[in-house]
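Data file: coords.txt. Format and content: compact mmCIF, C-alpha atoms.
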# COMPACT_ATOMS: atom_id res chain seq x y z
CA MET A 1 0.00 0.00 0.00
CA LYS A 2 1.23 3.47 -0.86
CA ILE A 3 1.09 6.37 1.57
CA ALA A 4 1.65 10.01 0.59
CA ILE A 5 3.28 12.35 3.09
CA THR A 6 3.49 16.11 2.55
CA SER A 7 7.05 17.30 3.04
CA THR A 8 8.92 20.59 3.22
CA GLY A 9 11.98 19.11 1.51
CA ASN A 10 12.97 16.21 -0.69
CA SER A 11 14.83 14.18 1.92
CA LEU A 12 13.69 11.99 4.80
CA GLU A 13 15.13 14.45 7.34
CA SER A 14 12.75 17.22 6.29
CA GLU A 15 9.65 18.02 8.26
CA LEU A 16 6.00 17.38 7.58
CA ASP A 17 4.54 20.25 5.56
CA PRO A 18 1.53 21.71 7.38
CA ARG A 19 -0.39 22.39 4.17
CA PHE A 20 -1.66 19.70 1.86
CA GLY A 21 -2.33 21.45 -1.47
CA ARG A 22 0.60 23.83 -1.26
CA CYS A 23 3.27 21.60 0.20
CA ALA A 24 6.74 21.64 -1.35
CA TYR A 25 7.08 17.89 -1.99
CA PHE A 26 5.07 14.71 -1.71
CA ILE A 27 6.93 11.71 -0.43
CA ILE A 28 5.22 8.50 -1.49
CA TYR A 29 6.12 5.58 0.69
CA ASP A 30 5.39 1.99 -0.28
CA THR A 31 4.73 -0.22 2.76
CA GLU A 32 5.46 -3.43 0.85
CA THR A 33 8.80 -2.59 -0.78
CA LYS A 34 9.78 -0.12 2.02
CA GLU A 35 10.88 2.32 -0.66
CA HIS A 36 9.97 5.93 -1.16
CA GLU A 37 9.85 8.30 -4.06
CA THR A 38 9.74 12.08 -4.08
CA ILE A 39 7.47 14.19 -6.23
CA ARG A 40 7.84 17.95 -6.49
CA ASN A 41 4.57 19.80 -6.14
CA GLU A 42 4.32 21.84 -9.34
CA ASN A 43 1.09 23.50 -8.25
CA LYS A 44 2.53 25.05 -5.13
CA ASN A 45 2.30 28.67 -6.23
CA ILE A 46 -0.82 28.43 -8.35
CA ASP A 47 -3.52 31.03 -7.61
CA ASP A 48 -6.49 28.72 -7.33
CA GLY A 49 -7.18 25.01 -7.17
CA ALA A 50 -3.90 23.77 -5.73
CA GLY A 51 -5.73 21.30 -3.48
CA PRO A 52 -7.80 19.53 -6.18
CA ARG A 53 -4.72 19.27 -8.41
CA ALA A 54 -2.71 17.77 -5.58
CA VAL A 55 -5.48 15.21 -5.04
CA GLU A 56 -5.34 14.24 -8.72
CA LEU A 57 -1.57 14.01 -8.56
CA ILE A 58 -1.50 11.64 -5.62
CA ALA A 59 -4.48 9.65 -6.90
CA SER A 60 -2.54 8.97 -10.11
CA HIS A 61 0.09 7.24 -7.97
CA GLN A 62 -2.47 4.81 -6.45
CA VAL A 63 -2.06 6.25 -2.97
CA LYS A 64 -4.40 4.91 -0.27
CA LYS A 65 -3.53 7.23 2.63
CA VAL A 66 -2.39 10.84 2.90
CA ILE A 67 -0.58 12.28 5.90
CA SER A 68 -0.55 16.05 6.44
CA LYS A 69 -1.25 18.58 9.13
CA GLU A 70 -4.22 20.35 7.64
CA PHE A 71 -6.50 19.87 4.65
CA GLY A 72 -8.41 22.58 2.80
CA ILE A 73 -12.18 22.72 2.55
CA LYS A 74 -12.42 21.33 -1.00
CA ILE A 75 -10.25 18.32 -0.28
CA LYS A 76 -12.30 15.97 1.83
CA SER A 77 -15.03 15.16 -0.67
CA LEU A 78 -12.48 14.68 -3.45
CA LEU A 79 -10.38 12.31 -1.36
CA CYS A 80 -13.51 10.39 -0.39
CA ASP A 81 -14.32 9.94 -4.09
CA TYR A 82 -10.89 8.43 -4.67
CA LYS A 83 -11.25 6.39 -1.44
CA ILE A 84 -8.10 7.91 0.04
CA GLN A 85 -7.88 8.12 3.80
CA MET A 86 -6.71 11.32 5.50
CA ILE A 87 -4.44 11.30 8.54
CA MET A 88 -3.70 14.51 10.38
CA ILE A 89 -0.71 14.91 12.65
CA LYS A 90 -0.80 18.06 14.73
CA GLU A 91 2.77 17.94 16.05
CA LYS A 92 5.98 18.73 14.18
CA ARG A 93 7.49 15.48 12.97
CA THR A 94 10.10 14.56 10.40
CA ILE A 95 9.30 12.23 7.53
CA GLU A 96 11.62 9.61 8.99
CA GLU A 97 9.71 9.54 12.29
CA ILE A 98 6.43 9.17 10.43
CA ILE A 99 7.75 6.26 8.37
CA LYS A 100 8.88 4.61 11.63
CA LEU A 101 5.33 5.03 12.97
CA ILE A 102 3.88 3.47 9.83
CA ASN A 103 6.13 0.42 10.21
CA HIS A 104 5.61 0.25 14.00
CA MET B 105 -3.49 37.39 7.18
CA SER B 106 -6.78 36.97 9.00
CA ARG B 107 -7.23 34.50 11.78
CA PRO B 108 -8.28 31.07 10.47
CA LYS B 109 -11.87 30.09 11.06
CA THR B 110 -12.56 27.55 13.76
CA ILE B 111 -13.87 24.25 12.53
CA ARG B 112 -17.62 23.98 12.87
CA ARG B 113 -18.95 20.61 13.89
CA ILE B 114 -21.98 19.33 12.02
CA ALA B 115 -23.99 16.22 12.74
CA PHE B 116 -24.35 14.79 9.26
CA ALA B 117 -24.08 15.91 5.67
CA PRO B 118 -27.31 17.22 4.08
CA SER B 119 -29.29 14.63 2.14
CA ILE B 120 -29.60 16.95 -0.87
CA SER B 121 -26.92 18.88 -2.68
CA GLY B 122 -29.21 21.80 -3.52
CA LEU B 123 -32.65 23.11 -4.43
CA LYS B 124 -34.02 24.31 -7.76
CA PRO B 125 -36.86 26.76 -8.35
CA TYR B 126 -39.62 25.87 -10.80
CA GLY B 127 -42.07 27.82 -12.89
CA LEU B 128 -39.57 30.42 -14.01
CA SER B 129 -39.98 32.11 -17.38
CA ILE B 130 -36.20 32.20 -17.89
CA THR B 131 -34.09 29.28 -16.72
CA THR B 132 -31.30 30.34 -14.38
CA LYS B 133 -27.75 29.22 -14.87
CA ARG B 134 -25.51 27.49 -12.37
CA SER B 135 -23.31 30.58 -12.26
CA GLU B 136 -26.21 32.54 -10.79
CA SER B 137 -26.73 30.06 -7.98
CA VAL B 138 -26.60 30.87 -4.32
CA PHE B 139 -23.96 28.84 -2.50
CA LEU B 140 -25.13 27.83 0.95
CA LEU B 141 -22.27 26.59 3.10
CA TYR B 142 -22.52 23.40 5.14
CA GLU B 143 -22.28 25.36 8.37
CA GLU B 144 -25.15 27.60 7.26
CA TYR B 145 -27.24 24.56 6.45
CA GLU B 146 -26.46 23.18 9.90
CA ALA B 147 -27.37 26.49 11.58
CA ILE B 148 -30.73 26.50 9.80
CA ARG B 149 -31.29 22.85 10.72
CA LEU B 150 -30.54 23.39 14.39
CA CYS B 151 -32.27 26.74 14.85
CA ASP B 152 -35.33 26.44 12.61
CA TYR B 153 -35.93 22.74 12.08
CA GLU B 154 -34.88 21.32 15.45
CA LYS B 155 -35.95 24.55 17.18
CA TYR B 156 -33.02 24.84 19.55
CA ASN B 157 -32.08 28.26 20.78
CA GLN B 158 -28.95 29.84 19.40
CA THR B 159 -26.88 29.21 22.52
CA ASP B 160 -27.57 25.46 22.38
CA ALA B 161 -26.99 25.35 18.63
CA ALA B 162 -23.66 27.16 19.08
CA THR B 163 -22.55 24.71 21.77
CA PHE B 164 -23.36 21.82 19.53
CA MET B 165 -21.44 23.27 16.59
CA GLU B 166 -18.54 24.13 18.94
CA ILE B 167 -18.51 27.80 18.02
CA SER B 168 -19.35 30.91 19.99
CA ARG B 169 -22.91 32.21 20.11
CA PRO B 170 -22.12 35.40 18.11
CA THR B 171 -20.45 33.31 15.42
CA LEU B 172 -23.50 31.12 15.15
CA THR B 173 -25.70 34.22 14.84
CA ARG B 174 -23.49 35.49 12.03
CA ILE B 175 -23.64 32.16 10.18
CA TYR B 176 -27.39 31.95 10.73
CA THR B 177 -28.00 35.51 9.47
CA SER B 178 -25.91 34.85 6.38
CA ALA B 179 -27.85 31.63 5.77
CA ARG B 180 -31.20 33.43 5.98
CA GLU B 181 -29.97 36.16 3.65
CA LYS B 182 -28.87 33.59 1.09
CA ILE B 183 -32.13 31.67 1.27
CA ALA B 184 -34.11 34.91 0.93
CA THR B 185 -32.05 35.94 -2.12
CA ALA B 186 -32.64 32.57 -3.74
CA MET B 187 -36.39 32.72 -3.07
CA ILE B 188 -36.97 36.26 -4.23
CA GLU B 189 -34.72 36.18 -7.26
CA GLY B 190 -35.58 32.60 -8.26
CA ARG B 191 -32.03 31.32 -8.00
CA ARG B 192 -30.79 27.84 -7.31
CA ILE B 193 -29.37 26.91 -3.93
CA ILE B 194 -26.29 24.74 -3.93
CA ILE B 195 -25.13 23.39 -0.58
CA GLU B 196 -21.36 23.04 -0.58
CA GLY B 197 -18.18 24.22 1.08
CA GLY B 198 -17.59 25.64 4.53
CA LYS B 199 -15.06 24.78 7.17
CA VAL B 200 -16.72 21.88 8.89
CA SER B 201 -16.03 18.50 10.38
CA LEU B 202 -18.65 15.79 10.26
CA ASP B 203 -19.47 13.82 13.37
CA ASN B 204 -18.72 10.10 13.58
CA ASP B 205 -16.19 10.43 10.83
CA TRP B 206 -13.02 11.23 12.69
CA PHE B 207 -10.94 9.27 15.17
CA HIS B 208 -8.13 10.27 17.45
CA CYS B 209 -5.21 8.00 18.35
CA LYS B 210 -3.90 8.59 21.85
CA THR B 211 -0.57 6.87 21.22
CA CYS B 212 0.74 8.91 18.30
CA ASP B 213 -1.65 11.86 18.73
CA CYS B 214 -2.97 11.80 15.19
CA TYR B 215 -6.43 12.21 13.72
CA PHE B 216 -7.76 10.08 10.89
CA ASN B 217 -11.05 9.57 9.10
CA ARG B 218 -12.81 6.53 7.77
CA ILE B 219 -13.62 6.30 4.12
CA LYS B 220 -16.68 4.08 4.20
CA GLU B 221 -19.54 4.44 6.68
CA GLU B 222 -19.73 0.70 7.27
CA ASP B 223 -16.03 0.27 8.09
CA SER B 224 -15.29 -0.50 11.70
CA ILE B 225 -12.19 1.17 13.02
CA ASP B 226 -10.39 -0.72 15.78
CA SER B 227 -6.78 0.36 15.35
CA CYS B 228 -4.94 3.53 14.44
CA SER B 229 -4.19 3.60 10.73
CA LEU B 230 -0.86 5.31 11.35
CA CYS B 231 0.79 3.50 14.27
CA GLY B 232 -1.53 0.50 14.57
CA SER B 233 -2.26 1.14 18.23
CA SER B 234 -5.69 0.15 19.49
CA ASP B 235 -5.84 3.08 21.92
CA ILE B 236 -8.19 5.17 19.80
CA GLU B 237 -11.33 7.17 20.49
CA PRO B 238 -13.93 8.83 18.29
CA PHE B 239 -12.82 12.42 17.88
CA ASN B 240 -15.05 14.39 20.15
CA SER B 241 -14.04 17.02 22.63
CA ASP B 242 -17.08 16.52 24.84
CA SER B 243 -16.42 13.35 26.81
CA THR B 244 -19.86 13.23 28.42
CA PHE B 245 -21.27 13.08 24.94
CA ILE B 246 -19.37 9.87 24.24
CA ASN B 247 -20.37 8.27 27.54
CA GLN B 248 -24.02 8.95 26.93
CA ALA B 249 -23.75 7.71 23.41
CA GLU B 250 -22.53 4.37 24.70
CA ASN B 251 -25.57 4.02 26.93
CA HIS B 252 -27.99 5.06 24.23
CA PRO B 253 -26.49 4.15 20.89
CA PRO B 254 -29.55 4.84 18.73
CA ALA B 255 -29.96 8.34 20.12
CA HIS B 256 -26.33 9.21 19.50
CA SER B 257 -26.35 10.42 15.94
CA CYS B 258 -30.03 10.70 15.22
CA CYS B 259 -31.02 13.92 16.91
CA GLY B 260 -27.97 16.00 16.34
CA ARG B 261 -27.84 17.07 19.93
CA GLY B 262 -25.12 15.91 22.27
CA LYS B 263 -27.21 15.33 25.33
CA CYS B 264 -30.21 13.80 23.62
CA GLN B 265 -31.08 10.47 25.20
CA GLY B 266 -33.81 9.59 22.78
CA THR B 267 -36.42 10.90 25.18
CA ARG B 268 -37.10 14.25 23.60
CA GLN B 269 -38.57 12.89 20.39
CA ARG B 270 -38.19 16.12 18.53
CA ARG B 271 -39.56 15.87 15.02
CA LYS B 272 -38.59 13.00 12.79
CA CYS B 273 -34.93 13.00 13.70
CA CYS B 274 -35.26 11.05 16.91
CA GLU B 275 -37.72 8.55 15.50
CA THR B 276 -36.16 7.58 12.20
CA LYS B 277 -33.14 5.67 13.43
CA GLU B 278 -34.65 3.94 16.43

Represent the supplied structure as structure tokens.
Amino acid sequence: MKIAITSTGNSLESELDPRFGRCAYFIIYDTETKEHETIRNENKNIDDGAGPRAVELIASHQVKKVISKEFGIKIKSLLCDYKIQMIMIKEKRTIEEIIKLINH
Amino acid sequence: MSRPKTIRRIAFAPSISGLKPYGLSITTKRSESVFLLYEEYEAIRLCDYEKYNQTDAATFMEISRPTLTRIYTSAREKIATAMIEGRRIIIEGGKVSLDNDWFHCKTCDCYFNRIKEEDSIDSCSLCGSSDIEPFNSDSTFINQAENHPPAHSCCGRGKCQGTRQRRKCCETKE
């Protein structure tokens, strides 16, 4: 299963990005192969519709869960349509810590 | 930058996504529609349909009483505009969280939702811990819901024990 994590940088040491649609990078982690890939968010500075585009982007990678701090108002219904689960973490955590939590 | 809006809690999503007028000589376009937010729908439902006073409605939506009044006024203005000018009402948007949808994990302090209504959630989807609770700041609400499961989500009021029988809401799910 693939899990998308919003990240401020393109390495595992970077922190979780608090915004979903306008995050700097998406890190897609595969729980079966234990590998991750990094995708730059091209829609970061777009005026309108960054959230829906981000949803389409991660849906095209067959992601089943998204981890972020906050989601915009347009996001929830879209993610429900794609059957993607949202997970919100309110504390500051690095990507590495989150991946450790996923593997528990 | 203005202060972010607090999240308004609503009991359940509306059963319709909008309303259309009929008998118009000119058909109105979608662009001329009135957009009623979810929180405005909920304010109307609590204040006018369930007939709670504004203080109770505000407590249930977890916002202050003046905020509820503002949402409610805006809702009435929108409905009036739609009625008088023969415009469509589309219910969408708003900063809301739906009840029964969110869970909180006490181990890793994360919040997660469930995708399908029928799914049963027994472990945290992040850390796998079973120490989870339905996300609800009012703990008495949860305790009472355990004692009276049918009354929990049907009435839309935290302290309803299925005894008030207000309108259809309390009867339908029992």

- Given a cut-off of 7 Å, which residues of chain A touch chain B, counting all atoms listed in the file, written out as a ChimeraX atom specification? /A:73-74,80,83,85-90,101-102,104

Could the residues in this selection be saved with C-alpha atoms as an mmCIF file, keeping the file's coordinate frame?
data_model
loop_
_atom_site.group_PDB
_atom_site.id
_atom_site.type_symbol
_atom_site.label_atom_id
_atom_site.label_comp_id
_atom_site.auth_asym_id
_atom_site.auth_seq_id
_atom_site.Cartn_x
_atom_site.Cartn_y
_atom_site.Cartn_z
ATOM 1 C CA ILE A 73 -12.180 22.720 2.550
ATOM 2 C CA LYS A 74 -12.420 21.330 -1.000
ATOM 3 C CA CYS A 80 -13.510 10.390 -0.390
ATOM 4 C CA LYS A 83 -11.250 6.390 -1.440
ATOM 5 C CA GLN A 85 -7.880 8.120 3.800
ATOM 6 C CA MET A 86 -6.710 11.320 5.500
ATOM 7 C CA ILE A 87 -4.440 11.300 8.540
ATOM 8 C CA MET A 88 -3.700 14.510 10.380
ATOM 9 C CA ILE A 89 -0.710 14.910 12.650
ATOM 10 C CA LYS A 90 -0.800 18.060 14.730
ATOM 11 C CA LEU A 101 5.330 5.030 12.970
ATOM 12 C CA ILE A 102 3.880 3.470 9.830
ATOM 13 C CA HIS A 104 5.610 0.250 14.000
#

- Task: Excluding Leu150 of chain B and any residue of its chain fewer than 6 positions from it, enumerate the residues within 10 Å of it, using all atoms listed in the file, and give them as a PyMOL selection string.
- Result: chain B and resi 114-115+144+156-158+160-162+164-165+176+259-261

- Protein/DNA/RNA residues near (-2.6, 7.1, -3.5), cut 9 Å, all atoms listed in the file, as a PyMOL selection string: chain A and resi 1-4+28+55+57-66+82-84

- Task: Have a look at atom CA of Arg192 of chain B and atom CA of Leu128 of chain B and let me know their distance in Å, one decimal.
- Result: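 Computing the Euclidean distance for atom CA of Arg192 of chain B and atom CA of Leu128 of chain B yields 11.3 Å.
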
Kindly output segment 112-123 of chain B as a tab-separated table (two decimals), in the frame of the given file, after building all heavy atoms.
chain	number	residue	atom	x	y	z
B	112	ARG	N	-16.27	24.15	12.36
B	112	ARG	CA	-17.62	23.98	12.87
B	112	ARG	C	-17.99	22.50	12.80
B	112	ARG	O	-17.75	21.86	11.79
B	112	ARG	CB	-18.62	24.76	12.01
B	112	ARG	CG	-18.49	26.25	12.02
B	112	ARG	CD	-17.56	26.72	10.95
B	112	ARG	NE	-17.72	28.13	10.62
B	112	ARG	CZ	-17.11	29.12	11.25
B	112	ARG	NH1	-16.31	28.87	12.26
B	112	ARG	NH2	-17.29	30.36	10.88
B	113	ARG	N	-18.59	22.02	13.88
B	113	ARG	CA	-18.95	20.61	13.89
B	113	ARG	C	-20.37	20.46	13.38
B	113	ARG	O	-21.27	21.15	13.84
B	113	ARG	CB	-18.85	20.08	15.32
B	113	ARG	CG	-18.81	18.59	15.38
B	113	ARG	CD	-18.61	18.15	16.80
B	113	ARG	NE	-19.83	17.53	17.29
B	113	ARG	CZ	-20.10	17.38	18.57
B	113	ARG	NH1	-19.27	17.83	19.48
B	113	ARG	NH2	-21.20	16.81	18.95
B	114	ILE	N	-20.61	19.58	12.46
B	114	ILE	CA	-21.98	19.33	12.02
B	114	ILE	C	-22.32	17.86	12.15
B	114	ILE	O	-21.44	17.01	12.08
B	114	ILE	CB	-22.29	19.89	10.61
B	114	ILE	CG1	-21.60	19.09	9.53
B	114	ILE	CG2	-21.92	21.35	10.49
B	114	ILE	CD1	-22.09	19.48	8.16
B	115	ALA	N	-23.60	17.58	12.39
B	115	ALA	CA	-23.99	16.22	12.74
B	115	ALA	C	-23.88	15.27	11.56
B	115	ALA	O	-23.30	14.21	11.66
B	115	ALA	CB	-25.40	16.22	13.29
B	116	PHE	N	-24.49	15.63	10.45
B	116	PHE	CA	-24.35	14.79	9.26
B	116	PHE	C	-24.52	15.64	8.01
B	116	PHE	O	-25.10	16.72	8.06
B	116	PHE	CB	-25.33	13.61	9.25
B	116	PHE	CG	-26.68	13.92	9.82
B	116	PHE	CD1	-27.63	14.55	9.06
B	116	PHE	CD2	-26.98	13.58	11.14
B	116	PHE	CE1	-28.88	14.83	9.59
B	116	PHE	CE2	-28.22	13.88	11.68
B	116	PHE	CZ	-29.17	14.51	10.91
B	117	ALA	N	-24.00	15.16	6.92
B	117	ALA	CA	-24.08	15.91	5.67
B	117	ALA	C	-25.53	16.00	5.22
B	117	ALA	O	-26.32	15.09	5.46
B	117	ALA	CB	-23.24	15.21	4.61
B	118	PRO	N	-25.93	17.11	4.57
B	118	PRO	CA	-27.31	17.22	4.08
B	118	PRO	C	-27.63	16.12	3.07
B	118	PRO	O	-26.74	15.66	2.34
B	118	PRO	CB	-27.36	18.61	3.44
B	118	PRO	CG	-25.96	19.03	3.25
B	118	PRO	CD	-25.16	18.33	4.29
B	119	SER	N	-28.92	15.71	3.05
B	119	SER	CA	-29.29	14.63	2.14
B	119	SER	C	-29.40	15.11	0.70
B	119	SER	O	-29.42	14.31	-0.22
B	119	SER	CB	-30.62	14.02	2.60
B	119	SER	OG	-31.56	15.05	2.76
B	120	ILE	N	-29.51	16.41	0.49
B	120	ILE	CA	-29.60	16.95	-0.87
B	120	ILE	C	-28.38	17.82	-1.13
B	120	ILE	O	-27.77	18.31	-0.20
B	120	ILE	CB	-30.88	17.79	-1.08
B	120	ILE	CG1	-30.99	18.87	0.02
B	120	ILE	CG2	-32.11	16.91	-1.11
B	120	ILE	CD1	-31.93	19.97	-0.30
B	121	SER	N	-28.05	18.00	-2.41
B	121	SER	CA	-26.92	18.88	-2.68
B	121	SER	C	-27.40	20.26	-3.13
B	121	SER	O	-26.59	21.13	-3.43
B	121	SER	CB	-25.99	18.27	-3.71
B	121	SER	OG	-26.72	17.84	-4.81
B	122	GLY	N	-28.72	20.47	-3.18
B	122	GLY	CA	-29.21	21.80	-3.52
B	122	GLY	C	-30.70	21.80	-3.76
B	122	GLY	O	-31.38	20.78	-3.61
B	123	LEU	N	-31.23	22.95	-4.13
B	123	LEU	CA	-32.65	23.11	-4.43
B	123	LEU	C	-32.78	23.92	-5.71
B	123	LEU	O	-31.98	24.81	-5.96
B	123	LEU	CB	-33.35	23.86	-3.30
B	123	LEU	CG	-33.49	23.15	-1.95
B	123	LEU	CD1	-33.91	24.16	-0.90
B	123	LEU	CD2	-34.51	22.04	-2.03
